[in-house]
file target_4.cif (mmCIF, C-alpha atoms)
data_protein
#
loop_
_atom_site.group_PDB
_atom_site.id
_atom_site.type_symbol
_atom_site.label_atom_id
_atom_site.label_comp_id
_atom_site.auth_asym_id
_atom_site.auth_seq_id
_atom_site.Cartn_x
_atom_site.Cartn_y
_atom_site.Cartn_z
ATOM 1 C CA MET R 28 111.234 140.467 87.456
ATOM 2 C CA LYS R 29 112.573 141.677 90.786
ATOM 3 C CA LYS R 30 116.179 141.429 89.513
ATOM 4 C CA LEU R 31 115.274 143.477 86.436
ATOM 5 C CA MET R 32 113.802 146.238 88.613
ATOM 6 C CA VAL R 33 116.943 146.317 90.780
ATOM 7 C CA VAL R 34 119.185 146.569 87.697
ATOM 8 C CA CYS R 35 117.029 149.359 86.208
ATOM 9 C CA ALA R 36 117.141 151.303 89.479
ATOM 10 C CA ALA R 37 120.934 150.919 89.684
ATOM 11 C CA VAL R 38 121.377 152.143 86.093
ATOM 12 C CA ALA R 39 119.093 155.131 86.735
ATOM 13 C CA LEU R 40 121.015 156.089 89.887
ATOM 14 C CA ALA R 41 124.328 155.822 88.032
ATOM 15 C CA ALA R 42 123.014 158.080 85.253
ATOM 16 C CA VAL R 43 121.795 160.689 87.724
ATOM 17 C CA ALA R 44 125.111 160.585 89.587
ATOM 18 C CA SER R 45 127.098 161.066 86.368
ATOM 19 C CA ALA R 46 124.972 164.050 85.357
ATOM 20 C CA LYS R 47 124.975 165.932 88.668
ATOM 21 C CA GLU R 48 127.658 168.377 87.468
ATOM 22 C CA ALA R 49 125.481 169.535 84.567
ATOM 23 C CA THR R 50 124.122 173.051 84.456
ATOM 24 C CA LEU R 51 120.356 173.455 84.270
ATOM 25 C CA THR R 52 120.307 175.829 81.314
ATOM 26 C CA VAL R 53 121.978 174.341 78.282
ATOM 27 C CA GLU R 54 121.874 175.414 74.662
ATOM 28 C CA ARG R 55 121.981 172.667 72.084
ATOM 29 C CA GLY R 56 125.561 171.976 71.039
ATOM 30 C CA ALA R 57 127.117 174.322 73.602
ATOM 31 C CA ALA R 58 129.856 173.124 75.953
ATOM 32 C CA ARG R 59 128.672 172.408 79.469
ATOM 33 C CA GLU R 60 130.573 174.286 82.128
ATOM 34 C CA GLY R 61 132.002 172.009 84.809
ATOM 35 C CA CYS R 62 131.438 168.811 82.797
ATOM 36 C CA LEU R 63 134.035 166.566 81.203
ATOM 37 C CA THR R 64 131.747 165.524 78.347
ATOM 38 C CA ASP R 65 128.406 166.374 76.732
ATOM 39 C CA TRP R 66 127.409 162.681 76.523
ATOM 40 C CA THR R 67 125.229 160.736 78.939
ATOM 41 C CA PRO R 68 124.954 156.925 79.171
ATOM 42 C CA LEU R 69 121.236 156.940 80.018
ATOM 43 C CA ALA R 70 118.499 159.451 79.300
ATOM 44 C CA VAL R 71 114.878 159.174 80.379
ATOM 45 C CA THR R 72 112.870 161.857 78.580
ATOM 46 C CA ILE R 73 109.265 162.973 78.429
ATOM 47 C CA VAL R 74 109.505 165.504 75.591
ATOM 48 C CA GLY R 75 112.786 166.875 74.194
ATOM 49 C CA PRO R 76 114.994 168.237 76.996
ATOM 50 C CA VAL R 77 112.464 167.489 79.768
ATOM 51 C CA GLY R 78 113.747 164.462 81.647
ATOM 52 C CA LEU R 79 116.848 163.114 83.361
ATOM 53 C CA PRO R 80 119.469 164.433 82.884
ATOM 54 C CA TRP R 81 117.959 167.890 82.363
ATOM 55 C CA GLY R 82 118.795 169.703 79.110
ATOM 56 C CA SER R 83 119.876 168.637 75.649
ATOM 57 C CA TRP R 84 122.457 165.868 75.992
ATOM 58 C CA ASN R 85 123.903 163.569 73.371
ATOM 59 C CA VAL R 86 123.304 159.936 74.290
ATOM 60 C CA LYS R 87 125.887 157.165 74.205
ATOM 61 C CA GLY R 88 123.882 154.235 75.525
ATOM 62 C CA LEU R 89 120.113 154.097 76.073
ATOM 63 C CA GLN R 90 117.467 156.783 75.676
ATOM 64 C CA VAL R 91 113.893 155.969 76.659
ATOM 65 C CA GLY R 92 110.984 158.391 76.484
ATOM 66 C CA ILE R 93 107.862 159.599 74.755
ATOM 67 C CA TRP R 94 109.585 162.069 72.396
ATOM 68 C CA ASN R 95 113.379 161.628 72.144
ATOM 69 C CA ASP R 96 115.186 164.453 70.326
ATOM 70 C CA VAL R 97 119.007 164.631 70.297
ATOM 71 C CA THR R 98 121.772 166.015 68.115
ATOM 72 C CA SER R 99 123.731 162.772 68.201
ATOM 73 C CA PHE R 100 123.277 159.332 69.709
ATOM 74 C CA SER R 101 125.201 156.100 69.758
ATOM 75 C CA GLY R 102 123.173 153.192 71.095
ATOM 76 C CA LEU R 103 119.446 152.605 71.360
ATOM 77 C CA GLN R 104 116.481 154.987 71.365
ATOM 78 C CA ILE R 105 113.086 153.666 72.433
ATOM 79 C CA GLY R 106 110.047 155.947 72.322
ATOM 80 C CA ALA R 107 106.924 156.964 70.450
ATOM 81 C CA ILE R 108 108.890 159.587 68.457
ATOM 82 C CA ASN R 109 112.680 159.364 68.015
ATOM 83 C CA VAL R 110 114.621 162.157 66.285
ATOM 84 C CA ALA R 111 118.400 162.484 65.839
ATOM 85 C CA ASP R 112 120.590 164.594 63.553
ATOM 86 C CA ARG R 113 123.356 161.947 63.567
ATOM 87 C CA ALA R 114 123.227 158.387 64.836
ATOM 88 C CA TYR R 115 125.133 155.159 65.227
ATOM 89 C CA GLY R 116 122.597 152.690 66.506
ATOM 90 C CA VAL R 117 118.949 151.643 66.472
ATOM 91 C CA GLN R 118 115.678 153.506 66.984
ATOM 92 C CA ILE R 119 112.475 151.688 67.987
ATOM 93 C CA GLY R 120 109.159 153.598 67.932
ATOM 94 C CA PHE R 121 106.203 154.790 65.861
ATOM 95 C CA ILE R 122 108.156 157.615 64.172
ATOM 96 C CA ASN R 123 111.945 157.315 63.752
ATOM 97 C CA VAL R 124 114.043 160.031 62.104
ATOM 98 C CA ILE R 125 117.810 160.157 61.543
ATOM 99 C CA ALA R 126 118.307 163.384 59.579
ATOM 100 C CA GLY R 127 121.863 162.654 58.404
ATOM 101 C CA ASP R 128 121.052 159.197 56.995
ATOM 102 C CA ASP R 129 120.344 158.101 53.395
ATOM 103 C CA LEU R 130 116.808 157.061 54.366
ATOM 104 C CA PRO R 131 115.966 159.535 57.146
ATOM 105 C CA PHE R 132 112.491 158.274 58.137
ATOM 106 C CA LEU R 133 111.261 154.767 58.934
ATOM 107 C CA PRO R 134 108.310 153.711 61.091
ATOM 108 C CA VAL R 135 108.739 151.078 63.848
ATOM 109 C CA LEU R 136 112.503 150.466 63.348
ATOM 110 C CA ASN R 137 115.339 152.646 62.020
ATOM 111 C CA TRP R 138 119.102 152.190 62.174
ATOM 112 C CA SER R 139 122.355 153.791 61.099
ATOM 113 C CA PHE R 140 125.809 152.204 61.238
#
call {"tool": "encode", "arguments": {"input": "target_4.cif", "output": "structure tokens"}}
result
Amino acid sequence: MKKLMVVCAAVALAAVASAKEATLTVERGAAREGCLTDWTPLAVTIVGPVGLPWGSWNVKGLQVGIWNDVTSFSGLQIGAINVADRAYGVQIGFINVIAGDDLPFLPVLNWSF
């Protein structure tokens, strides 16, 4: 258990360090000034853009939160409510929506590959 906590802390610190160049006010889909990419490897969200990193980021890795809402993700979303316009990965939660998929809504588990 202690090793798991150390790994989680290291991943969180790496995500914060990679997002430090982000601006605080970001419009969905807009380019971020001073950043090389609009993707983040780890997002911890409370509701929508409220979380780390701040703003609306696409996720390529892991997103964990209460209400996850992104334009695009590639990886894993875990939360009570997961919403994505486009996805390549798995969603785990009570409500899972991938708008651009053939079957856009599934409870508990949703995926798009």
call {"tool": "closest_residue", "arguments": {"input": "target_4.cif", "among": "R:Gly92, R:Gly106, R:Pro131, R:Gly120", "to": "Pro76 of chain R", "atoms": "all atoms listed in the file"}}
result
R:Gly92
call {"tool": "resolve_selection", "arguments": {"input": "target_4.cif", "expression": "the PyMOL selection byres ((chain R and resi 69-75) around 10)", "output": "JSON, numbers by chain"}}
result
{"R": [38, 39, 40, 41, 42, 43, 45, 46, 66, 67, 68, 76, 77, 78, 79, 80, 81, 82, 83, 84, 85, 86, 87, 88, 89, 90, 91, 92, 93, 94, 95, 96, 97, 102, 103, 104, 105, 106, 108, 109, 110]}
call {"tool": "atom_distance", "arguments": {"input": "target_4.cif", "atom1": "atom CA of Gly116 of chain R", "atom2": "atom CA of Asn137 of chain R"}}
result
8.5 Å
call {"tool": "resolve_selection", "arguments": {"input": "target_4.cif", "expression": "the PyMOL selection byres ((chain R and resi 122-129) around 8)", "output": "list in words"}}
result
Ala107, Ile108, Asn109, Val110, Ala111, Asp112, Arg113, Ala114, Gln118, Ile119, Gly120, Phe121, Leu130, Pro131, Phe132, Leu133, Pro134, Val135, Leu136, Asn137 and Ser139 of chain R
call {"tool": "axis_aligned_box", "arguments": {"input": "target_4.cif", "around": "segment 98-107 of chain R", "padding_each_side": "5 Å", "output": "AutoDock Vina command-line options"}}
result
--center_x 116.1 --center_y 159.3 --center_z 70.3 --size_x 28.3 --size_y 23.4 --size_z 14.3
call {"tool": "decode", "arguments": {"input": "target_4.cif", "residues": "segment 71-99 of chain R", "atoms": "N, CA and C atoms", "output": "short mmCIF file (atom, residue, chain, number, x, y, z; two decimals), in the first residue's frame"}}
result
data_model
loop_
_atom_site.label_atom_id
_atom_site.label_comp_id
_atom_site.auth_asym_id
_atom_site.auth_seq_id
_atom_site.Cartn_x
_atom_site.Cartn_y
_atom_site.Cartn_z
N VAL R 71 -6.83 15.21 -12.66
CA VAL R 71 -7.64 14.94 -11.47
C VAL R 71 -8.66 16.07 -11.41
N THR R 72 -9.94 15.73 -11.64
CA THR R 72 -10.97 16.75 -11.75
C THR R 72 -12.04 16.57 -10.68
N ILE R 73 -12.66 17.70 -10.32
CA ILE R 73 -13.82 17.66 -9.44
C ILE R 73 -15.06 17.72 -10.32
N VAL R 74 -15.22 18.82 -11.04
CA VAL R 74 -16.31 19.00 -11.99
C VAL R 74 -15.77 19.77 -13.19
N GLY R 75 -15.86 19.16 -14.39
CA GLY R 75 -15.44 19.83 -15.62
C GLY R 75 -14.00 20.33 -15.57
N PRO R 76 -13.79 21.65 -15.75
CA PRO R 76 -12.42 22.16 -15.79
C PRO R 76 -11.80 22.43 -14.41
N VAL R 77 -12.53 22.16 -13.33
CA VAL R 77 -12.02 22.42 -11.99
C VAL R 77 -11.21 21.23 -11.52
N GLY R 78 -9.91 21.38 -11.46
CA GLY R 78 -9.02 20.31 -11.05
C GLY R 78 -7.60 20.62 -11.46
N LEU R 79 -6.77 19.59 -11.53
CA LEU R 79 -5.38 19.74 -11.95
C LEU R 79 -5.15 18.92 -13.20
N PRO R 80 -4.61 19.44 -14.24
CA PRO R 80 -4.31 20.85 -14.49
C PRO R 80 -5.59 21.65 -14.69
N TRP R 81 -5.51 22.96 -14.41
CA TRP R 81 -6.65 23.85 -14.50
C TRP R 81 -7.04 24.07 -15.95
N GLY R 82 -8.34 24.10 -16.25
CA GLY R 82 -8.82 24.38 -17.59
C GLY R 82 -9.27 23.12 -18.30
N SER R 83 -9.67 23.27 -19.53
CA SER R 83 -10.16 22.15 -20.34
C SER R 83 -9.01 21.57 -21.15
N TRP R 84 -8.51 20.44 -20.72
CA TRP R 84 -7.41 19.75 -21.39
C TRP R 84 -7.92 18.44 -21.97
N ASN R 85 -7.37 18.04 -23.10
CA ASN R 85 -7.59 16.69 -23.59
C ASN R 85 -6.66 15.77 -22.81
N VAL R 86 -7.09 14.54 -22.59
CA VAL R 86 -6.34 13.62 -21.73
C VAL R 86 -5.81 12.46 -22.57
N LYS R 87 -4.52 12.22 -22.44
CA LYS R 87 -3.88 11.06 -23.06
C LYS R 87 -3.21 10.31 -21.92
N GLY R 88 -3.98 9.47 -21.25
CA GLY R 88 -3.50 8.77 -20.07
C GLY R 88 -4.66 8.46 -19.14
N LEU R 89 -4.64 9.05 -17.94
CA LEU R 89 -5.63 8.76 -16.90
C LEU R 89 -6.32 10.04 -16.46
N GLN R 90 -7.66 9.97 -16.39
CA GLN R 90 -8.44 11.07 -15.82
C GLN R 90 -9.32 10.49 -14.72
N VAL R 91 -9.19 11.05 -13.52
CA VAL R 91 -9.94 10.59 -12.37
C VAL R 91 -10.68 11.79 -11.79
N GLY R 92 -11.96 11.62 -11.47
CA GLY R 92 -12.70 12.72 -10.89
C GLY R 92 -14.15 12.37 -10.64
N ILE R 93 -14.90 13.36 -10.18
CA ILE R 93 -16.33 13.16 -9.95
C ILE R 93 -17.08 13.30 -11.27
N TRP R 94 -16.84 14.40 -11.99
CA TRP R 94 -17.47 14.64 -13.29
C TRP R 94 -16.38 14.99 -14.28
N ASN R 95 -16.01 14.03 -15.13
CA ASN R 95 -14.97 14.21 -16.15
C ASN R 95 -15.63 14.61 -17.46
N ASP R 96 -15.22 15.74 -18.03
CA ASP R 96 -15.79 16.23 -19.28
C ASP R 96 -14.65 16.75 -20.16
N VAL R 97 -14.36 16.06 -21.27
CA VAL R 97 -13.28 16.46 -22.17
C VAL R 97 -13.75 16.39 -23.61
N THR R 98 -13.03 17.11 -24.48
CA THR R 98 -13.30 17.02 -25.91
C THR R 98 -12.81 15.68 -26.45
N SER R 99 -11.61 15.30 -26.06
CA SER R 99 -11.01 14.07 -26.56
C SER R 99 -10.15 13.42 -25.48
#
